[in-house]
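A.B. asks: Submitted below is the structure of interest, expressed as C-alpha cells.
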Amino acid sequence: MTTGFIWDERFAWFDAGPNRRRGPFYSPMAAYDTRESKERIRELLVASGLVDRLMPVSPRLMTEEELLRYHTPEYIAKVKALSDGGGGDAGEGAYLGRNCYDIARLSAGASLEALYAVLDGRVDNAYALVRPCGHHATRDFGRGFSIFCNIALAILNAKAQGKVERVAVVDWDVHHGNGTQDAFYSDPSVLTISLHQAGYYPPDSGWLNETGDGPGRGYNINIPLPPGSGHGAYVETMKQVVLPALRQFRPEVIMVASGLDANAHDPLARMMCHSGTYREMATLVKTAAEELCGGRVVACHEGGYAPAYVPWCALAIMEVFAGTKTSFQDPALKWIEGWPGQDLQPHQADVIGKAATVMKNISAAMR
Ligand code: ZN
C-alpha cells in the first residue's frame, strides 16, 4: 500500500489575517486558522516516523485556466488584487494577506496533484495537507477561511482531462461543505456527502432537504448532527448513511474533505470526536474504496483549530491510509473516550435515521 503525502512550507506562510469579522466591538486577535495546527501535524508525522512510509507528491500552483473551471474571472481577479494590495477579505471570513494568492493557488494545485497521483496509479491513496482550506468557497465568494474550493477544482479539472467520471466526496469537517455542494448541486456524476454540526457554519445551509437539483437531484446528502455528537454518532452516520450511499453510487475515486475540527478540543465546534473516531472513519472509507474503486481515496485537509489535538487525528487517518501503526499513542485518547455521551444518543439517532431515509429514497431514484 503506497500512500502519497503533500505538504509545502508555504502553506504555513499563508496569512489568514486578523479576526475582525465580528464587528467593531471585538478586540483584535489572530484568526483561528493558524499555521500551528498544520505544522504540528507535519512534526508528528516526522517524529513518529510515519512520514518515512509515505511517498512525497509535489504540489504546484493551480493555473488560472484551472481555477476558471469553478471560479468566476471577477472573483479570481478580486483575490489577486487583495493579495497584490494590502490583503483583505475575499468574502465573509476569508481573509488573505499580501502575496497569498499564490499560496491559495498552491493549495488548490496540491489537491489536484494528489488526485492525479491516485488516478494515475502512482500511489494507492493520498493525503494533501493543504492550507488555506477550500470547502466553503463558492464560485464568486470566499467564506470561512476558504479562498478557492480545492476539492471541487480538483474534481472538475480531473474530469476535464478525462481522467475520471464519477467521484464521491465525503466531507467530515465539522462545518458544512457548502462550496463543494454548490459546485455539483446539479451534477449527477459527483456525489457530495457532508457530516457536520447542524446549523453552525454556514448557518443557512447543510440541511437534510438539500438533496440536489435537476439532474443532480439525489446526489447531495447532508447529515446535520446535533452539537455534542461524539464517536458513536459519527461512526453510526458512516455506517447507516455514508457507506450505503457510496455503495449505491459506485464512485471511481473517493475524495475526503478532511477537516478535523469535530475533535473534542476544537475551539470552533462543539463535537466530541477523538483520534479513535477518525481512525475508524478512515478505516470505513478505505474499506469501502477497496470494495468499490480499487482503494482510491484522496483526502484534502480542511479545518481543525486545536493545535494540541488535531495532529493526533491526522496521524490516525494517515496510519490507516498507509496500513501501518506507529508506536506513538494519543495521550488524550483514553480521557476523551470516557466522556459521557460518546455513545450514540437518541436525539442523534433520530437525525441519522432521517438522513438514512433521505439516502434510501434518493438511492431508489438513482436506479
Ligand atoms: Zn471546518
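Every chain in the C-alpha cells takes a letter, A first, then B, and so on in the order presented; its residues are numbered from 1, and the ligands are numbered from 1 following the presented order.
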List the neighbours of region 64-80 of chain A out to 12 Å using only C-alpha atoms; skip same-chain residues closer than 3 positions along the sequence, and give me the result as a count of residues only.
C.D. replies: 55
A.B. asks: Once you count only C-alpha atoms and all ligand atoms, which residues end up within 12 Å of ligand 1, and could you hand them over as a PDB file with C-alpha atoms, in the first residue's frame?
C.D. replies:
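So selection-v2.pdb came out as:
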```pdb
ATOM      1  CA  TYR A  32      -8.427  30.809  14.391  1.00  0.00           C
ATOM      2  CA  ASP A  33      -6.815  29.388  11.274  1.00  0.00           C
ATOM      3  CA  PRO A 132      -5.914  27.503   3.071  1.00  0.00           C
ATOM      4  CA  CYS A 133      -8.881  25.151   3.223  1.00  0.00           C
ATOM      5  CA  GLY A 134     -11.474  25.190   0.463  1.00  0.00           C
ATOM      6  CA  HIS A 135     -14.880  23.705   1.133  1.00  0.00           C
ATOM      7  CA  HIS A 136     -16.741  26.922   1.971  1.00  0.00           C
ATOM      8  CA  ARG A 143     -16.094  32.092   3.086  1.00  0.00           C
ATOM      9  CA  GLY A 144     -14.819  30.627   6.340  1.00  0.00           C
ATOM     10  CA  PHE A 145     -11.032  30.669   5.644  1.00  0.00           C
ATOM     11  CA  SER A 146     -11.682  29.198   2.185  1.00  0.00           C
ATOM     12  CA  ASP A 171     -16.813  15.812   3.965  1.00  0.00           C
ATOM     13  CA  TRP A 172     -16.250  15.096   7.671  1.00  0.00           C
ATOM     14  CA  ASP A 173     -15.213  18.632   8.539  1.00  0.00           C
ATOM     15  CA  VAL A 174     -17.443  19.865  11.381  1.00  0.00           C
ATOM     16  CA  HIS A 175     -18.753  22.682   9.172  1.00  0.00           C
ATOM     17  CA  HIS A 176     -20.980  22.193   6.153  1.00  0.00           C
ATOM     18  CA  GLY A 177     -19.172  21.721   2.831  1.00  0.00           C
ATOM     19  CA  ASN A 178     -21.351  24.306   1.129  1.00  0.00           C
ATOM     20  CA  SER A 194     -21.366  16.239   4.333  1.00  0.00           C
ATOM     21  CA  LEU A 195     -21.452  15.364   8.056  1.00  0.00           C
ATOM     22  CA  HIS A 196     -21.462  18.499  10.180  1.00  0.00           C
ATOM     23  CA  GLN A 197     -22.680  20.286  13.273  1.00  0.00           C
ATOM     24  CA  TYR A 200     -23.440  26.140  12.561  1.00  0.00           C
ATOM     25  CA  TYR A 201     -21.475  27.350   9.557  1.00  0.00           C
ATOM     26  CA  PRO A 202     -22.681  28.455   7.169  1.00  0.00           C
ATOM     27  CA  ALA A 257     -12.753  16.782   2.818  1.00  0.00           C
ATOM     28  CA  SER A 258     -10.684  16.063   5.886  1.00  0.00           C
ATOM     29  CA  GLY A 259     -11.476  18.769   8.374  1.00  0.00           C
ATOM     30  CA  LEU A 260     -10.503  17.619  11.862  1.00  0.00           C
ATOM     31  CA  ASP A 261     -12.485  20.227  13.754  1.00  0.00           C
ATOM     32  CA  ALA A 262     -15.098  17.809  15.094  1.00  0.00           C
ATOM     33  CA  ASN A 263     -12.410  16.885  17.641  1.00  0.00           C
ATOM     34  CA  ASP A 266     -11.704  22.301  18.932  1.00  0.00           C
ATOM     35  CA  PRO A 267     -12.433  25.965  19.690  1.00  0.00           C
ATOM     36  CA  LEU A 268     -14.657  26.279  16.589  1.00  0.00           C
ATOM     37  CA  ALA A 269     -17.107  23.444  17.220  1.00  0.00           C
ATOM     38  CA  ARG A 270     -18.956  21.551  19.919  1.00  0.00           C
ATOM     39  CA  MET A 271     -18.422  17.928  18.984  1.00  0.00           C
ATOM     40  CA  HIS A 301      -7.144  18.798   4.589  1.00  0.00           C
ATOM     41  CA  GLU A 302      -9.807  21.316   5.602  1.00  0.00           C
ATOM     42  CA  GLY A 303     -10.351  22.782   9.108  1.00  0.00           C
ATOM     43  CA  GLY A 304      -9.080  21.853  12.562  1.00  0.00           C
ATOM     44  CA  TYR A 305      -8.164  24.548  15.067  1.00  0.00           C
ATOM     45  CA  ALA A 306      -6.908  22.826  18.201  1.00  0.00           C
TER      46      ALA A 306
END
```
A.B. asks: In Å, how far is it from CA of Glu9 (chain A) to CA of Leu333 (chain A)?
C.D. replies: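 Rounded to one decimal, the two atoms are 28.9 Å apart.
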A.B. asks: Go through A:Arg42, A:Arg296, A:Arg217, A:His231 and flag the residue nearest Thr2 (chain A), using only C-alpha atoms for the distances.
C.D. replies: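 Closest residue, counting only C-alpha atoms: A:Arg296.
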A.B. asks: Nearest to Arg131 (chain A): which of A:Pro311, A:Ser111, A:Tyr185, A:Arg247 is it, counting only C-alpha atoms?
C.D. replies: A:Ser111
A.B. asks: Can you list every residue in region 242-332 of chain A that DSSP puts in helix (DSSP H, G or I), as number ranges by chain?
C.D. replies: A: 242-249, 275-292, 310-322
A.B. asks: Please return, as a ChimeraX atom specification, all residues of region 9-60 of chain A that DSSP assigns to strand (DSSP E or B) on the basis of the backbone.
C.D. replies: /A:18,30,54-56
A.B. asks: Provide the CA of Arg122 (chain A) to CA of Ala288 (chain A) distance in Å, to one decimal place.
C.D. replies: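 These two atoms are separated by 20.2 Å.
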A.B. asks: Of the candidates A:Val256, A:Val235, A:Val242, A:Val170, which shows the shortest atom-to-atom distance to Ser363 (chain A), using only C-alpha atoms?
C.D. replies: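 Looking at the shortest contact to Ser363 (chain A), the residue is A:Val242.
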A.B. asks: By how many Å are CA of Cys300 (chain A) and CA of Leu129 (chain A) apart?
C.D. replies: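 Rounded to one decimal, the two atoms are 6.3 Å apart.
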A.B. asks: Which residue, A:Thr3, A:Gln240, A:Ser275, A:Asn209, has the smallest gap to Asp52 (chain A) when you use only C-alpha atoms?
C.D. replies: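 Using only C-alpha atoms, the shortest distance to Asp52 (chain A) belongs to A:Thr3.
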A.B. asks: Considering only C-alpha atoms, state which residue in the set A:Val46, A:Ala198, A:Ala355, A:Cys293 is at the smallest distance from Pro226 (chain A).
C.D. replies: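 Closest candidate: A:Ala198.
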A.B. asks: Which is closest to Asn222 (chain A) among A:Thr357, A:Gln345, A:Val297, A:Met255, if we use only C-alpha atoms?
C.D. replies: A:Thr357
A.B. asks: Find the spatial neighbours of Ala364 (chain A), counting only C-alpha atoms, within a cut-off of 12 Å - ignore same-chain residues fewer than 2 positions away - and output them as a list in words.
C.D. replies: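 My reading of the contact set: Arg217, Gly218, Tyr219, Pro244, Ala245, Gln248, Phe249, Thr357, Val358, Met359, Lys360, Asn361, Ile362, Met366 and Arg367 of chain A.
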